[in-house]
$ cat model-v2.txt   # compact mmCIF, C-alpha atoms
# COMPACT_ATOMS: atom_id res chain seq x y z
CA MET A 1 66.45 155.06 34.64
CA LYS A 2 62.91 154.39 33.46
CA LYS A 3 62.93 150.88 34.96
CA ARG A 4 63.08 152.26 38.45
CA VAL A 5 60.46 154.97 37.97
CA LEU A 6 57.54 152.78 39.07
CA ALA A 7 59.35 151.73 42.22
CA MET A 8 60.25 155.33 42.96
CA MET A 9 56.68 156.47 42.38
CA ILE A 10 55.39 153.90 44.88
CA ALA A 11 57.88 155.12 47.45
CA ALA A 12 57.09 158.72 46.57
CA THR A 13 53.38 158.19 47.19
CA MET A 14 54.05 157.29 50.82
CA VAL A 15 56.61 160.03 51.40
CA ILE A 16 54.67 162.77 49.62
CA GLY A 17 51.74 162.15 51.89
CA LEU A 18 54.00 163.13 54.77
CA VAL A 19 55.74 166.13 53.23
CA ALA A 20 52.78 167.66 51.43
CA GLY A 21 51.48 169.19 54.63
CA CYS A 22 54.77 170.89 55.50
CA GLY A 23 54.72 174.66 55.13
CA SER A 24 52.35 176.88 53.23
CA LYS A 25 51.15 175.78 49.82
CA SER A 26 50.76 179.29 48.48
CA ASP A 27 52.08 179.66 44.95
CA SER A 28 55.24 181.70 44.38
CA GLY A 29 55.47 181.78 40.62
CA SER A 30 54.69 178.15 39.76
CA SER A 31 52.37 177.58 36.84
CA ASP A 32 50.14 175.38 38.97
CA ASN A 33 49.95 174.31 42.58
CA THR A 34 49.03 170.66 42.54
CA GLU A 35 48.21 169.29 45.98
CA GLY A 36 50.13 166.18 46.96
CA LYS A 37 53.25 166.83 44.89
CA LEU A 38 56.67 167.28 46.38
CA LYS A 39 57.68 170.88 45.66
CA VAL A 40 61.27 171.72 44.73
CA ALA A 41 62.68 175.20 44.10
CA LEU A 42 65.92 175.64 42.15
CA VAL A 43 67.32 179.08 43.01
CA VAL A 44 70.41 179.89 40.94
CA ASN A 45 72.87 182.78 41.07
CA GLN A 46 73.43 182.98 37.30
CA LYS A 47 71.14 183.10 34.29
CA PHE A 48 69.63 180.06 32.65
CA GLY A 49 70.35 179.60 28.96
CA ASP A 50 74.12 179.50 29.45
CA LYS A 51 74.61 176.09 27.78
CA ALA A 52 76.68 175.29 30.87
CA SER A 53 76.19 174.74 34.59
CA MET A 54 72.87 176.58 35.00
CA ASP A 55 71.25 174.65 32.17
CA ASP A 56 72.66 171.41 33.54
CA LEU A 57 71.15 172.13 36.96
CA ALA A 58 67.81 172.84 35.30
CA SER A 59 68.08 169.62 33.29
CA GLY A 60 68.58 167.59 36.47
CA ALA A 61 65.51 169.18 38.02
CA ASP A 62 63.47 168.50 34.87
CA ARG A 63 64.53 164.84 34.85
CA ALA A 64 63.40 164.52 38.45
CA ALA A 65 60.07 166.12 37.58
CA GLU A 66 59.57 163.56 34.82
CA ASP A 67 60.75 160.53 36.79
CA PHE A 68 59.25 161.29 40.19
CA GLY A 69 56.34 163.61 39.46
CA VAL A 70 57.68 166.48 41.58
CA GLU A 71 56.74 170.11 41.02
CA ILE A 72 59.72 172.27 40.02
CA LYS A 73 60.13 176.03 40.35
CA LYS A 74 63.20 177.62 38.72
CA LEU A 75 64.26 181.06 39.87
CA GLU A 76 67.16 183.23 38.72
CA SER A 77 68.54 185.18 41.65
CA ALA A 78 71.16 187.07 39.69
CA GLU A 79 71.85 189.86 42.22
CA ALA A 80 73.67 189.18 45.49
CA SER A 81 71.32 191.56 47.29
CA LYS A 82 68.41 189.26 46.35
CA TYR A 83 69.81 185.88 47.44
CA GLU A 84 68.44 185.91 50.96
CA GLU A 85 65.11 187.40 49.89
CA ASP A 86 64.61 184.82 47.12
CA VAL A 87 65.59 181.79 49.21
CA ARG A 88 63.31 182.99 51.99
CA ALA A 89 60.42 183.53 49.56
CA MET A 90 60.66 179.95 48.31
CA SER A 91 60.86 178.67 51.88
CA LYS A 92 57.85 180.72 52.93
CA ALA A 93 55.93 179.44 49.90
CA GLY A 94 56.17 175.90 51.26
CA TYR A 95 58.72 174.32 48.96
CA ASP A 96 59.92 171.07 50.49
CA LEU A 97 63.42 171.24 49.02
CA ILE A 98 65.31 174.39 48.04
CA VAL A 99 68.43 174.04 45.89
CA THR A 100 70.93 176.93 45.97
CA THR A 101 74.09 177.35 43.93
CA TYR A 102 77.71 178.11 44.63
CA GLY A 103 79.50 179.80 47.48
CA TYR A 104 77.96 183.16 46.70
CA MET A 105 74.67 181.88 48.15
CA THR A 106 76.12 180.19 51.23
CA ASP A 107 75.33 182.95 53.73
CA ALA A 108 71.74 183.19 52.53
CA THR A 109 71.34 179.40 52.65
CA LYS A 110 72.71 179.19 56.19
CA LEU A 111 70.51 181.97 57.51
CA VAL A 112 67.22 180.96 55.90
CA SER A 113 67.68 177.23 56.59
CA GLN A 114 67.67 178.02 60.31
CA GLU A 115 64.46 180.01 59.98
CA TYR A 116 62.75 177.02 58.29
CA PRO A 117 64.07 173.89 60.04
CA ASP A 118 61.41 171.63 58.47
CA THR A 119 62.49 172.57 54.94
CA LYS A 120 65.38 170.75 53.26
CA TYR A 121 68.16 172.60 51.43
CA ALA A 122 70.69 171.33 48.88
CA ALA A 123 73.66 173.68 48.71
CA VAL A 124 75.40 172.89 45.42
CA PHE A 125 79.14 173.62 45.28
CA GLN A 126 79.15 175.02 48.81
CA THR A 127 80.72 174.22 52.16
CA ILE A 128 78.28 174.63 55.04
CA ASN A 129 78.67 171.51 57.18
CA ASP A 130 82.40 172.02 57.59
CA GLY A 131 83.01 170.32 60.92
CA SER A 132 82.76 173.41 63.09
CA GLU A 133 79.11 173.93 62.15
CA LYS A 134 76.32 171.49 61.35
CA TYR A 135 73.01 172.33 59.68
CA ASP A 136 70.76 169.31 60.03
CA ASN A 137 68.45 170.28 57.16
CA VAL A 138 71.23 171.13 54.68
CA TRP A 139 73.16 168.79 52.38
CA ASP A 140 76.07 170.68 50.90
CA THR A 141 78.33 169.39 48.14
CA GLU A 142 81.84 170.26 47.09
CA PHE A 143 83.11 169.43 43.59
CA HIS A 144 86.61 168.11 42.93
CA GLY A 145 87.37 167.98 39.21
CA GLU A 146 91.11 167.59 39.19
CA ALA A 147 90.97 163.93 38.07
CA ALA A 148 88.66 164.57 35.11
CA PHE A 149 90.79 167.48 33.94
CA TYR A 150 93.93 165.38 34.40
CA LEU A 151 92.49 163.03 31.77
CA GLY A 152 91.59 166.03 29.59
CA GLY A 153 95.15 167.29 29.93
CA TYR A 154 96.55 163.90 29.01
CA ILE A 155 94.53 163.90 25.79
CA ALA A 156 95.54 167.49 24.98
CA GLY A 157 99.18 166.54 25.48
CA LYS A 158 98.82 163.80 22.89
CA LEU A 159 96.96 165.98 20.37
CA THR A 160 99.21 169.03 20.26
CA LYS A 161 101.56 169.34 17.30
CA SER A 162 103.17 172.60 18.41
CA ASN A 163 103.73 171.38 22.00
CA HIS A 164 101.97 174.56 23.11
CA ILE A 165 98.61 174.19 24.90
CA GLY A 166 96.22 176.73 26.42
CA MET A 167 94.05 176.39 29.52
CA ILE A 168 91.34 178.96 30.34
CA VAL A 169 89.32 179.12 33.58
CA GLY A 170 86.41 181.41 34.40
CA ALA A 171 87.66 182.78 37.73
CA GLU A 172 90.13 182.07 40.50
CA GLU A 173 88.50 179.72 43.00
CA PRO A 174 89.77 176.57 44.77
CA THR A 175 88.10 173.94 42.59
CA PRO A 176 88.82 175.60 39.21
CA ASN A 177 92.42 176.09 40.36
CA ALA A 178 92.64 172.39 41.19
CA GLU A 179 91.18 171.59 37.76
CA GLY A 180 93.83 173.75 36.10
CA ASN A 181 96.62 172.06 38.05
CA GLY A 182 95.17 168.62 37.31
CA PHE A 183 95.02 169.47 33.61
CA MET A 184 98.68 170.53 33.63
CA GLN A 185 99.71 167.33 35.39
CA GLY A 186 97.91 165.35 32.70
CA VAL A 187 99.71 167.26 29.95
CA LYS A 188 103.03 166.64 31.67
CA ALA A 189 102.33 162.89 31.96
CA ALA A 190 101.44 162.63 28.27
CA ASN A 191 103.99 165.02 26.79
CA PRO A 192 106.79 166.39 28.98
CA ASP A 193 108.03 168.45 26.02
CA ALA A 194 104.84 170.53 25.97
CA THR A 195 104.16 173.84 27.71
CA VAL A 196 100.83 175.16 29.00
CA GLU A 197 99.66 178.76 28.90
CA PHE A 198 97.10 179.52 31.63
CA SER A 199 94.68 182.43 32.09
CA TYR A 200 91.49 183.44 33.90
CA VAL A 201 88.64 185.13 32.04
CA GLY A 202 87.49 186.86 35.22
CA SER A 203 83.88 185.78 34.66
CA TYR A 204 81.83 182.74 33.71
CA GLU A 205 79.53 184.97 31.67
CA ASP A 206 81.84 187.00 29.38
CA PRO A 207 82.36 185.31 25.98
CA ALA A 208 83.89 188.48 24.49
CA LYS A 209 86.66 188.59 27.10
CA ALA A 210 87.17 184.84 26.75
CA LYS A 211 87.65 185.20 23.00
CA GLU A 212 90.22 187.93 23.58
CA VAL A 213 92.14 185.79 26.08
CA THR A 214 92.04 182.77 23.78
CA SER A 215 93.22 184.73 20.75
CA ALA A 216 96.21 185.94 22.76
CA MET A 217 97.09 182.34 23.62
CA ILE A 218 96.78 181.25 20.02
CA SER A 219 99.07 184.09 18.95
CA LYS A 220 101.72 182.57 21.24
CA GLY A 221 101.48 179.26 19.38
CA CYS A 222 98.82 177.26 21.22
CA ASP A 223 97.20 174.75 18.89
CA VAL A 224 95.03 173.02 21.53
CA VAL A 225 92.94 174.95 24.08
CA GLN A 226 91.03 173.58 27.08
CA THR A 227 88.29 175.80 28.48
CA ASP A 228 86.58 175.64 31.88
CA SER A 229 84.62 178.88 31.96
CA GLY A 230 80.85 178.33 31.84
CA SER A 231 79.02 180.41 29.25
CA SER A 232 82.31 182.20 28.48
CA ASN A 233 83.24 178.98 26.65
CA ALA A 234 81.39 180.29 23.61
CA GLY A 235 84.08 182.94 23.11
CA VAL A 236 86.86 180.37 23.47
CA VAL A 237 85.29 178.17 20.81
CA GLU A 238 84.78 181.13 18.48
CA ALA A 239 88.45 182.14 18.74
CA CYS A 240 89.60 178.56 18.14
CA LYS A 241 87.31 178.23 15.13
CA ASP A 242 88.62 181.48 13.65
CA ALA A 243 92.19 180.24 14.02
CA GLY A 244 91.54 176.60 13.12
CA VAL A 245 92.95 175.17 16.37
CA LEU A 246 91.49 172.42 18.55
CA CYS A 247 89.49 173.00 21.72
CA ALA A 248 87.65 171.08 24.43
CA GLY A 249 85.42 172.21 27.27
CA GLU A 250 83.34 171.33 30.30
CA ILE A 251 79.63 170.44 30.26
CA SER A 252 78.56 172.06 26.97
CA ASP A 253 78.77 170.54 23.51
CA TYR A 254 80.00 172.93 20.80
CA TYR A 255 80.66 170.37 18.08
CA ASP A 256 77.76 171.64 15.97
CA THR A 257 79.37 175.08 16.12
CA TYR A 258 82.91 173.92 15.37
CA ASP A 259 84.11 170.48 14.30
CA GLY A 260 87.46 171.15 15.97
CA PHE A 261 85.73 170.87 19.34
CA TYR A 262 87.02 167.48 20.38
CA GLY A 263 85.52 166.55 23.75
CA ILE A 264 83.72 167.29 27.00
CA GLU A 265 84.60 166.88 30.66
CA GLY A 266 81.17 166.51 32.19
CA ILE A 267 80.27 167.97 35.58
CA GLY A 268 77.33 166.44 37.40
CA PHE A 269 75.57 169.56 38.62
CA GLY A 270 72.26 168.32 37.28
CA ASP A 271 72.94 164.85 38.65
CA THR A 272 73.41 166.40 42.09
CA VAL A 273 70.01 168.10 41.93
CA TYR A 274 68.44 164.85 40.76
CA LYS A 275 70.14 162.89 43.56
CA ALA A 276 69.00 165.38 46.21
CA ILE A 277 65.38 164.98 45.10
CA GLU A 278 65.71 161.19 44.86
CA MET A 279 67.14 160.93 48.38
CA LEU A 280 64.37 163.12 49.81
CA ILE A 281 61.71 160.98 48.15
CA ASN A 282 63.34 157.84 49.56
CA ASP A 283 63.50 159.38 53.05
CA GLU A 284 67.31 159.20 52.88
CA TYR A 285 68.13 162.90 52.83
CA PRO A 286 71.70 163.41 54.18
CA GLY A 287 71.04 166.59 56.13
CA GLY A 288 74.00 167.76 58.14
CA GLU A 289 76.48 166.10 55.78
CA HIS A 290 79.12 167.55 53.48
CA GLY A 291 79.56 165.57 50.26
CA ILE A 292 82.48 165.43 47.84
CA ARG A 293 81.44 164.97 44.22
CA ASP A 294 84.21 163.81 41.89
CA LEU A 295 85.09 161.50 39.00
CA THR A 296 84.50 158.38 41.11
CA ASN A 297 80.88 159.08 42.07
CA GLY A 298 79.26 160.95 39.18
CA GLY A 299 80.26 164.43 40.24
CA TYR A 300 82.42 164.52 37.12
CA PHE A 301 82.55 162.24 34.11
CA MET A 302 84.38 161.97 30.83
CA ASP A 303 81.95 162.18 27.92
CA TRP A 304 83.86 159.58 25.92
CA ASP A 305 81.27 159.62 23.14
CA SER A 306 82.18 163.23 22.37
CA PHE A 307 85.88 162.34 22.11
CA THR A 308 85.15 159.28 19.97
CA ARG A 309 82.92 161.33 17.68
CA PHE A 310 85.82 163.64 16.95
CA ALA A 311 88.20 160.71 16.45
CA ASP A 312 85.86 159.09 13.95
CA ALA A 313 85.40 162.30 11.95
CA SER A 314 88.92 163.72 11.91
CA LYS A 315 91.36 162.71 9.18
CA ASP A 316 94.26 164.60 10.73
CA TYR A 317 93.80 163.59 14.36
CA GLY A 318 91.66 160.45 14.23
CA GLU A 319 94.27 157.79 14.96
CA THR A 320 96.07 159.93 17.51
CA MET A 321 92.82 160.61 19.30
CA LYS A 322 91.78 156.95 19.35
CA ALA A 323 95.11 155.99 20.92
CA ALA A 324 94.83 158.84 23.44
CA ILE A 325 91.31 157.80 24.41
CA ALA A 326 92.42 154.22 25.06
CA GLU A 327 95.33 155.39 27.23
CA ALA A 328 93.19 157.89 29.13
CA GLN A 329 90.53 155.26 29.82
CA GLU A 330 93.18 153.05 31.39
CA LEU A 331 94.22 155.98 33.56
CA GLU A 332 90.58 156.48 34.53
CA LYS A 333 90.48 152.88 35.80
CA GLN A 334 93.53 153.59 37.93
CA ILE A 335 91.83 156.69 39.37
CA ASP A 336 88.72 154.65 40.14
CA ASP A 337 90.64 151.93 41.97
CA GLY A 338 92.80 154.44 43.84
CA SER A 339 96.13 153.44 42.33
CA LEU A 340 96.45 156.84 40.65
CA GLU A 341 95.73 159.84 42.86
CA ILE A 342 95.50 163.37 41.49
CA PRO A 343 96.01 165.93 44.28
CA PHE A 344 93.44 168.61 45.02
CA ASP A 345 95.94 171.40 44.46
CA THR A 346 94.21 174.75 44.88
CA GLU A 347 97.21 177.01 44.28
CA THR A 348 97.07 179.32 41.27
CA PRO A 349 97.91 177.06 38.31
CA SER A 350 101.48 177.44 37.14
CA TRP A 351 103.17 175.34 34.48
CA ASP A 352 106.61 176.19 35.86
CA ARG A 353 105.58 174.90 39.29
CA ILE A 354 104.08 171.72 37.85
CA VAL A 355 107.13 170.80 35.78
CA SER A 356 109.49 171.57 38.66
CA LYS A 357 107.97 168.83 40.81

$ encode --input "model-v2.txt" --output "structure tokens"
Amino acid sequence: MKKRVLAMMIAATMVIGLVAGCGSKSDSGSSDNTEGKLKVALVVNQKFGDKASMDDLASGADRAAEDFGVEIKKLESAEASKYEEDVRAMSKAGYDLIVTTYGYMTDATKLVSQEYPDTKYAAVFQTINDGSEKYDNVWDTEFHGEAAFYLGGYIAGKLTKSNHIGMIVGAEEPTPNAEGNGFMQGVKAANPDATVEFSYVGSYEDPAKAKEVTSAMISKGCDVVQTDSGSSNAGVVEACKDAGVLCAGEISDYYDTYDGFYGIEGIGFGDTVYKAIEMLINDEYPGGEHGIRDLTNGGYFMDWDSFTRFADASKDYGETMKAAIAEAQELEKQIDDGSLEIPFDTETPSWDRIVSK
């Protein structure tokens, strides 16, 4: 990354000279207002400090600030009634790129982007340019995580000793549903004798409810639990630690909290913010396009180091985990070359439906 910083900075110097004059340069909460810097506002619909997607988005923005010298403003827009107002305020303040998050902010992004056609917008995990409509100053991205969670399910299927696995998702939405179905397909491929319990928390910000849901699964015999629930993951990990069962999760690393936390399916939210800034600097911004972010292009990734760390430290599961990692990495190659396709199945996850196919 560092090797290309100088080249990017040279390119940025030329581009920044063009974009610096766009819009008002009045400050809207930034600590300083340095003339000549590209200004980026990250407006999120959840709170920072979640050790999950919001923090990952912020991390991507911070990396871009370090690598490209851009000015970053981070704003929590935690109430739906404030989305439009906050996006408009950042646009009015002269930010060159405004990043918004998730489908909850789509209407606000659509409306304000038309009021400020010279401003660029990155709509993370949203569908705006859907074929029937095109917004030339908006790049929206959809995330498909079924392949990454298929690999996670395959590993869980190899690790379970009770043949009873749990899967917990924050809320019912198309992509999380597809991730749940992908996970179940991976379990089935690894261990057709296993069963999978599935449940929604109902929120990505409710660790107490997540702990309750997880404890109920464990009481039914689950000895491996996969979570996909944002900051609610903390409750899942706590319940697994109390019961001494294994767990894995997306984005956040809980190994320091519990050594039975065996791996991470990474989601490239921060990478998407970084890429949006990089493309704008390089005068390659894909306005009007809808992007799919998945395992093949950095939208998702398997944090193999986190799985290997667990394998190296565990006496009970070490050899099993090492073998599972090797097999899953071969499957990942097949996904990359297209010989193994995991469907984007957005129906409510059901183990009975998966095993009946």

$ residues_near_point --input "model-v2.txt" --point "(77.3, 171.5, 20.4)" --cutoff "12 Å" --atoms "only C-alpha atoms" --output "MDAnalysis selection string"
chainID A and resid 51:52 233:234 237 248:264 306 309

$ closest_atom_pairs --input "model-v2.txt" --of "region 96-167 of chain A" --to "region 203-227 of chain A" --cutoff "12 Å" --atoms "only C-alpha atoms" --output "tab-separated table"
residue	atom	partner	partner_atom	distance
A:Phe149	CA	A:Gln226	CA	9.2
A:Tyr150	CA	A:Gln226	CA	11.4
A:Leu151	CA	A:Gln226	CA	11.6
A:Gly152	CA	A:Gln226	CA	8.0
A:Gly153	CA	A:Gln226	CA	8.0
A:Tyr154	CA	A:Gln226	CA	11.3
A:Ile155	CA	A:Val224	CA	10.1
A:Ala156	CA	A:Val224	CA	6.5
A:Gly157	CA	A:Val224	CA	8.6
A:Lys158	CA	A:Val224	CA	10.1
A:Leu159	CA	A:Val224	CA	7.4
A:Thr160	CA	A:Val224	CA	5.9
A:Lys161	CA	A:Asp223	CA	7.1
A:Ser162	CA	A:Asp223	CA	6.4
A:Asn163	CA	A:Cys222	CA	7.7
A:His164	CA	A:Cys222	CA	4.6
A:Ile165	CA	A:Cys222	CA	4.8
A:Gly166	CA	A:Val225	CA	4.4
A:Met167	CA	A:Gln226	CA	4.8

$ residues_near_point --input "model-v2.txt" --point "(83.2, 156.6, 41.0)" --cutoff "10 Å" --atoms "all atoms listed in the file" --output "list in words"
Arg293, Asp294, Leu295, Thr296, Asn297, Gly298, Gly299, Tyr300, Phe301, Glu332, Lys333, Ile335, Asp336 and Asp337 of chain A

$ atom_distance --input "model-v2.txt" --atom1 "CA of Glu66 (chain A)" --atom2 "CA of Gly288 (chain A)"
27.7 Å

$ atom_distance --input "model-v2.txt" --atom1 "CA of Asp50 (chain A)" --atom2 "CA of Asp67 (chain A)"
24.3 Å

$ closest_residue --input "model-v2.txt" --among "A:Val236, A:Ala108, A:Ala148, A:Ala323" --to "Val169 (chain A)" --atoms "all atoms listed in the file"
A:Val236

$ residues_around --input "model-v2.txt" --residues "Asp62 (chain A)" --least-positions-apart "3" --cutoff "12 Å" --atoms "only C-alpha atoms" --output "list of chain:residue names"
A:Val40, A:Ala41, A:Leu42, A:Asp55, A:Asp56, A:Leu57, A:Ala58, A:Ser59, A:Ala65, A:Glu66, A:Asp67, A:Phe68, A:Gly69, A:Val70, A:Glu71, A:Ile72, A:Lys73, A:Lys74, A:Gly270, A:Asp271, A:Val273, A:Tyr274, A:Ile277

$ write_last_selection --input "model-v2.txt" --atoms "C-alpha atoms" --output "short mmCIF file (atom, residue, chain, number, x, y, z; two decimals), keeping the file's coordinate frame"
data_model
loop_
_atom_site.label_atom_id
_atom_site.label_comp_id
_atom_site.auth_asym_id
_atom_site.auth_seq_id
_atom_site.Cartn_x
_atom_site.Cartn_y
_atom_site.Cartn_z
CA VAL A 40 61.27 171.72 44.73
CA ALA A 41 62.68 175.20 44.10
CA LEU A 42 65.92 175.64 42.15
CA ASP A 55 71.25 174.65 32.17
CA ASP A 56 72.66 171.41 33.54
CA LEU A 57 71.15 172.13 36.96
CA ALA A 58 67.81 172.84 35.30
CA SER A 59 68.08 169.62 33.29
CA ALA A 65 60.07 166.12 37.58
CA GLU A 66 59.57 163.56 34.82
CA ASP A 67 60.75 160.53 36.79
CA PHE A 68 59.25 161.29 40.19
CA GLY A 69 56.34 163.61 39.46
CA VAL A 70 57.68 166.48 41.58
CA GLU A 71 56.74 170.11 41.02
CA ILE A 72 59.72 172.27 40.02
CA LYS A 73 60.13 176.03 40.35
CA LYS A 74 63.20 177.62 38.72
CA GLY A 270 72.26 168.32 37.28
CA ASP A 271 72.94 164.85 38.65
CA VAL A 273 70.01 168.10 41.93
CA TYR A 274 68.44 164.85 40.76
CA ILE A 277 65.38 164.98 45.10
#

$ closest_residue --input "model-v2.txt" --among "A:Ala171, A:Val245, A:Met302, A:Leu280" --to "Tyr317 (chain A)" --atoms "all atoms listed in the file"
A:Val245

$ closest_residue --input "model-v2.txt" --among "A:Ser81, A:Ser229, A:Thr348, A:Gln126" --to "Gly103 (chain A)" --atoms "only C-alpha atoms"
A:Gln126

$ atom_distance --input "model-v2.txt" --atom1 "CA of Asp303 (chain A)" --atom2 "CA of Gly266 (chain A)"
6.1 Å

$ closest_residue --input "model-v2.txt" --among "A:Val138, A:Met90, A:Ala147, A:Ala190" --to "Thr175 (chain A)" --atoms "all atoms listed in the file"
A:Ala147

$ closest_residue --input "model-v2.txt" --among "A:Gln334, A:Ala194, A:Phe269, A:Glu289" --to "Glu133 (chain A)" --atoms "all atoms listed in the file"
A:Glu289

$ closest_residue --input "model-v2.txt" --among "A:Thr320, A:Thr308, A:Gln329, A:Gln185" --to "Ser350 (chain A)" --atoms "all atoms listed in the file"
A:Gln185

$ decode --input "model-v2.txt" --residues "region 270-283 of chain A" --atoms "N, CA and C atoms" --output "CSV table (one decimal), in the first residue's frame"
chain,number,residue,atom,x,y,z
A,270,GLY,N,-14.9,-1.0,4.9
A,270,GLY,CA,-13.9,0.0,4.9
A,270,GLY,C,-13.1,0.0,3.6
A,271,ASP,N,-12.9,-1.1,3.0
A,271,ASP,CA,-12.2,-1.2,1.7
A,271,ASP,C,-13.1,-0.5,0.6
A,272,THR,N,-14.4,-0.5,0.8
A,272,THR,CA,-15.3,0.1,-0.2
A,272,THR,C,-15.1,1.6,-0.1
A,273,VAL,N,-15.1,2.1,1.1
A,273,VAL,CA,-14.9,3.6,1.4
A,273,VAL,C,-13.5,4.0,0.8
A,274,TYR,N,-12.5,3.2,1.1
A,274,TYR,CA,-11.2,3.5,0.6
A,274,TYR,C,-11.2,3.5,-0.9
A,275,LYS,N,-11.8,2.6,-1.6
A,275,LYS,CA,-11.8,2.4,-3.0
A,275,LYS,C,-12.5,3.6,-3.6
A,276,ALA,N,-13.7,4.0,-3.0
A,276,ALA,CA,-14.4,5.2,-3.5
A,276,ALA,C,-13.5,6.4,-3.6
A,277,ILE,N,-12.8,6.7,-2.5
A,277,ILE,CA,-11.9,7.8,-2.4
A,277,ILE,C,-10.8,7.7,-3.4
A,278,GLU,N,-10.2,6.5,-3.5
A,278,GLU,CA,-9.1,6.3,-4.5
A,278,GLU,C,-9.6,6.5,-5.9
A,279,MET,N,-10.7,6.1,-6.3
A,279,MET,CA,-11.2,6.2,-7.6
A,279,MET,C,-11.5,7.7,-7.9
A,280,LEU,N,-12.0,8.4,-7.0
A,280,LEU,CA,-12.3,9.9,-7.1
A,280,LEU,C,-11.0,10.6,-7.4
A,281,ILE,N,-10.0,10.3,-6.6
A,281,ILE,CA,-8.7,10.9,-6.7
A,281,ILE,C,-8.1,10.7,-8.1
A,282,ASN,N,-8.3,9.4,-8.6
A,282,ASN,CA,-7.7,9.1,-9.9
A,282,ASN,C,-8.6,9.4,-11.1
A,283,ASP,N,-9.7,10.2,-10.8
A,283,ASP,CA,-10.6,10.7,-11.8
A,283,ASP,C,-11.3,9.5,-12.5
